[in-house]
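Structure, as structure tokens:
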Amino acid sequence: MKKIKPILLKVMTFLKSLLIKLAIPLLSIFFGFFAGAIIMLVSGNNPITGYAALFDGVFGDIYYFGETLRMMTPLIFSGIAVAFAFRTGLLNIGVEGQLIVGWLASVAVGVMFDLPFVIHLPLALLAGAVAGGLWGFIPGILKARLHVHEVIVTIMMNYVALHVSNHFIRNYMLASGQRTEFIPATASLSSDFLRGLTDFSRLHWGFLLAIFACVVMWFLLWKTRKGYELRAVGYNPNASSYAGMNVKTNIVLSMVVSGGFAGLGGAMEGLGTYGYAQILSSFTNLGFDGIAVALLGASTSIGIFLSAFLFGGLKIGAANMQASANVAPELVEIVIALIIFFVASSYLIRWVLNRLQSNREGK
Amino acid sequence: MDYVIEMINIRKEFPGIVANDEVTLQVKKGEIHALLGENGAGKSTLMNVLFGLYQPEKGEIKVRGKTVQITDPNVANDLGIGMVHQHFMLIDKFTVTENIILGNEPKTKYGNIDIRKAEKEVARISELYGLRVDPKAKVEDISVGMQQRVEILKTLYRGAEILIFDEPTAVLTPQEIKELMEIMKKLLQEGKSIILITHKLKEILSVCDRCTVIRRGRGIGTVNVSETNQNELASMMVGREISFVVEKEDAKPEDVVLKIEDLVVNDLRNVRAIDGLNLEVKAGEVLGIAGVDGNGQTELVEAIVGLQKASSGTITISGNETTNLSPRKVTESGIGHIPQDRHKHGLVLDFSVGENILLQTYYQHPYTKNGVLYYPKMYEKAKRLIEEYDVRTPNERTLARALSGGNQQKAIIAREVDRSPNLLIAAQPTRGLDVGAIEFIHRKIIEERDKGRAILLISFELDEVRNLSDRIAVIYEGKIVAVVDPKTTTEQELGILMAGGKLEKEGEPI
Ligand SMILES: Nc1ncnc2c1ncn2[C@@H]1O[C@H](COP(=O)(O)OP(=O)(O)OP(=O)(O)O)[C@@H](O)[C@H]1O
Ligand SMILES: [Mg+2]
């Protein structure tokens with residue numbers, strides 16, 4: 001009996017700290033939807049029907065649910081890419097570009113080779129990761145060697161990626177219209193099984209890879225020696241070099257791994273959703289959305305999974321919102337932006353919470 | 001009774017720990033009131049409550065007789081309470097004046113900042129209290145002592161009547177401490193009241209009027225300083241007798257462990273910081289380096305541990321040359337190192353205490369196997385050291401950030417000493433520690449010496465150097481200018497050597 005009390009106490013404090021951690025994302029989501037409701041009201045729509053249609057557009061039909069999971073897949077990868085770099089003290093704004101080159105490289109390996117499935121698919125995935133990793137390596141090495149800030153370089157690398165990829169497709173790989181040939185089945189992630197389950201959505205095996213990637217990120221950062229070093233360098237490079245860690249190689253490594261995850265995100269689109277690469281007139285935004293996913297998910301594996309689901313759902317549900325409630329799909333973009341705004345200004349929310357608490361105690 | 005501040009039965013809890021348990025503190029107008037207590041006793045916490053950074057769970061605060069709710073630092077400012085924190089809160093890239101007026105800027109009639117007026121005002125206040133600062137200098141370019149004066153000016157500029165100093169002397173050189181004491185006396189003359197946190201009992205005895213002691217979060221009592229002495233204060237604080245002299249036998253020095261020959265090191269600005277330095281430290285002895293801050297102590301240490309490149313000269317540890325090897329290689333050749341700046345170099349504050357304790361050994365067996373960390377073993381080890389070195393923390397998974405300053409230091413010392421290195425470099429090892437902990441650390445260092453380790457001690461506190469060392473090397477402008485015997489050399493003589501002077505009696509080299 002005596003032993004139970006301390007355990008209970010521990011569980012209580014754990015739950016309390018969990019609640020505090022969840023408070024900010026949950027409140028931000030609430031505020032985001034709330035503000036969205038006000039906008040709908042002002043623009044002459046009924047927010048209840050609007051949100052009901054949105055919800056219906058995700059859960060009402062197994063097809064849309066499958067599409068939501070499909071949409072989540074690259075978002076998980078780009079969220080992980082941002083979070084991994086962030087955990088090690090780096091701001092990778094270049095996930096978009098890393099994703100684009102990953103997409104192109106995986107499709108290129110897909111269409112150029114004729115190999116059995118067990119080699120072809122892994123090789124194509126690897127190509128995506130390597131290309132993304134290379135795109136991360138450049139800002140990493142510039143930061144480590146010449147102290148060039150990674151934000152600047154990664155932003156510029158996005159444009160380089162976009163135009164380089166378009167150039168390659170246009171000049172070497174164009175098949176019909178604006179896109180490359182389809183990849184053969186031996187390099188494809190698409191799954192008749194998953195499609196069958198979800199009423200022929202475009203859900204593919206990549207979704208399972210994304211879940212696996214969440215586990216990998218958690219394991220790498222918190223269970224391995226390298227992860228310990230990467231986190232230490234991110235928190236305090238001075239103390240890390242005192243402790244004998246090589247700060248420079250760790251910076252480069254972190255950018256490479258982050259870029260690798262982003263590249264895989266691109267491969268999900270190339271080998272899974274579409275089966276080809278195309279000339280892009282503008283950014284895919286999948287990489288930029290990764291920043292939002294990581295931010296709302298507090299750079300944790302579970303958080304990234306959940307927030308990718310939220311954002312994926314919002315994007316898919318938006319179609320139904322327009323079809324059955326006549327709400328412009330842009331509303332969803334506004335809600336997403338507001339959620340991020342509230343998370344980013346979490347300081348404000350925390351301040352309000354503290355105020356409320358101390359008022360209560362003051363009485 | 002005329003109290004400016006009364007904190008009555010304050011209770012403040014943190015997850016897993018009661019930092020203040022019914023503590024009462026009453027400060028009279030126009031006095032310097034000392035707050036004394038072991039590391040982690042809850043002094044900073046109590047002051048943060050007074051300054052509005054934490055909300056107490058229980059208790060009452062009265063300022064000038066009126067009950068108040070100090071919900072945030074702005075309220076404290078309005079009540080005339082100012083605080084100089086244990087770790088400074090200045091913006092490096094801003095000038096002294098910009099830092100002082102931040103948040104309280106005087107405006108011209110066009111609405112932009114009237115920097116002229118601000119500079120004049122800063123100059124006026126600094127004149128009034130004898131706080132020498134250069135209003136136009138950037139904070140990153142000025143000394144620690146001046147940074148502290150900027151912090152003081154910041155509070156005065158906001159009209160503080162009651163000033164809280166949280167361990168102001170821990171980061172200062174002896175000379176700067178003297179100046180600070182003078183400044184405090186000036187502040188009193190101008191009608192201010194002061195609360196002073198310090199671990200140095202001598203300071204309390206020399207400037208304070210009364211002293212409140214807390215132990216493990218509980219108030220023990222308040223005494224008049226004129227009616228007490230060092231030993232009484234110490235035993236009130238730790239609950240047992242403390243010995244202030246280090247008991248040790250004569251050293252039995254053996255082989256040379258650290259040998260430095262003609263070392264030259266240029267600092268970050270490419271100025272010659274170490275200029276042809278020669279030094280030997282033998283197994284079984286403590287060699288203390290005495291010197292005024294800025295004569296190459298930092299560069300010497302960093303060159304030995306591999307963080308700064310030597311331009312010429314050699315460093316040999318236990319017979320192996322380690323000049324310009326990587327820090328990891330140097331560490332593995334058998335040195336332990338307690339860095340001078342624990343927040344910058346000693347700890348990863350956002351890691352747990354346990355992770356910090358393994359910061360030098362995490363990659364070794366049995367903590368890492370095939371690249372995978374084995375946390376149970378890490379925490380097992382951390383737990384043992386936390387117990388052995390009396391690091392006061394709720395448990396080994398608590399973030400290092402949440403520990404009191406002194407307990408952070410103990411965690412570092414545990415990590416470095418436990419590896420039983422051949423050479424232990426201790427830079428300001430007892431900075432910010434309470435007398436009980438200092439006694440403990442000093443005993444540990446002597447114990448290591450007696451086990452046959454070589455100890456290189458760098459400290460700005462002459463008492464510490466004289467107490468612990470078997471030989472004292474005086475560093476001046478990047479060279480060792482004399483090596484003397486602490487038993488036959490007086491403090492005055494050391495002072496002369498440290499200032500670059502020569503002694504009459506030619507100290508025979510030992
Ligand atoms: N923010 C915090 N979160 C959790 N625990 C804390 C926090 N701040 C302080 N503590 C704990 O409260 C206790 C009192 O800490 P405090 O910093 O007040 O000590 P102190 O008397 O100032 O010690 P020192 O002389 O070492 O600075 C310590 O055990 C510390 O670990
Ligand atoms: Mg303190």
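Scheme for the structure tokens: letters A, B, ... for chains in order shown; per-chain residue numbers from 1; ligand numbers from 1 in order shown.
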Worksheet entry | Test item: residues lying within 6 Å of ligand 2 with only C-alpha atoms and all ligand atoms, as a ChimeraX atom specification | /B:43-44,404-405
Fill in: At most 8 Å to chain A: residues in chain B, only C-alpha atoms, as a PyMOL selection string
chain B and resi 15+55+57+69+71+307+326-329+331+344-351+359-360+362-363+368+371-375
Worksheet entry | Nearest to ligand 1 by atom-to-atom distance, counting only C-alpha atoms and all ligand atoms, from B:Ile194, B:Met237, B:Ala402, B:Val23 |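 Among B:Ile194, B:Met237, B:Ala402, B:Val23, it is B:Ala402 that comes nearest to ligand 1.
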Fill in: Which of segment 162-279 of chain B DSSP labels helix (DSSP H, G or I), written as a ChimeraX atom specification
/B:174-189,201-207,225-227,230-238
Worksheet item: Hey, what's within 9 Å of Phe311 of chain A if we count only C-alpha atoms and toss same-chain stuff fewer than 3 positions away? As number ranges by chain, please?
Response: A: 68, 71-72, 75, 289, 292-293, 306-308, 314-316, 336
Practice prompt. Go through the chains and note each residue within 9 Å of ligand 1, using only C-alpha atoms and all ligand atoms, then give the set as an NGL selection string.
Written response: :B and (12-20 or 36-48 or 54 or 86 or 166-167 or 197-199 or 214-217 or 392-394 or 398-409 or 432-434)
Discussion item. Taking 5 positions as the minimum chain separation for residues in the same chain, which residues sit within 12 Å of Pro168 of chain B when counting only C-alpha atoms? Answer as a PyMOL selection string.
Written reply: chain B and resi 83-88+144-149+151-152+163+173+176-181+184+195-200+203+431-432
Worksheet item: Hey, what's within 7 Å of segment 264-279 of chain B if we count only C-alpha atoms and toss same-chain stuff fewer than 5 positions away? As a ChimeraX atom specification, please?
Response: /B:259,296,299-300,309-313,478-480
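Taking only segment 306-437 of chain B, the residues that DSSP calls strand (DSSP E) from the backbone come to Ser312, Gly313, Thr314, Ile315, Thr316, Ile317, Asn320, Glu321, Ile335, Gly336, His337, Ile338, Thr368, Lys369, Val372, Leu373, Leu423, Leu424, Ile425, Ala426 and Ala427 of chain B.
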Resulting file, chosen residues, C-alpha atoms, as a PDB file, in the first residue's frame:
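File produced: out31.pdb:
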ATOM      1  CA  SER B 312      54.595  27.308 -31.158  1.00  0.00           C
ATOM      2  CA  GLY B 313      55.925  25.375 -28.195  1.00  0.00           C
ATOM      3  CA  THR B 314      54.974  21.956 -26.872  1.00  0.00           C
ATOM      4  CA  ILE B 315      52.587  20.518 -24.336  1.00  0.00           C
ATOM      5  CA  THR B 316      53.299  17.056 -22.982  1.00  0.00           C
ATOM      6  CA  ILE B 317      50.970  15.021 -20.790  1.00  0.00           C
ATOM      7  CA  ASN B 320      52.955  12.024 -24.717  1.00  0.00           C
ATOM      8  CA  GLU B 321      52.932  15.178 -26.716  1.00  0.00           C
ATOM      9  CA  ILE B 335      42.901  15.011 -18.198  1.00  0.00           C
ATOM     10  CA  GLY B 336      39.855  16.275 -16.381  1.00  0.00           C
ATOM     11  CA  HIS B 337      38.780  19.854 -16.631  1.00  0.00           C
ATOM     12  CA  ILE B 338      36.473  22.019 -14.572  1.00  0.00           C
ATOM     13  CA  THR B 368      27.088   3.084 -25.682  1.00  0.00           C
ATOM     14  CA  LYS B 369      26.911  -0.224 -27.456  1.00  0.00           C
ATOM     15  CA  VAL B 372      23.080   2.964 -29.276  1.00  0.00           C
ATOM     16  CA  LEU B 373      22.924   4.684 -25.903  1.00  0.00           C
ATOM     17  CA  LEU B 423      45.889  15.722 -14.638  1.00  0.00           C
ATOM     18  CA  LEU B 424      42.999  17.684 -13.207  1.00  0.00           C
ATOM     19  CA  ILE B 425      42.626  21.279 -14.335  1.00  0.00           C
ATOM     20  CA  ALA B 426      40.407  23.208 -11.984  1.00  0.00           C
ATOM     21  CA  ALA B 427      39.525  26.730 -13.080  1.00  0.00           C
TER      22      ALA B 427
END
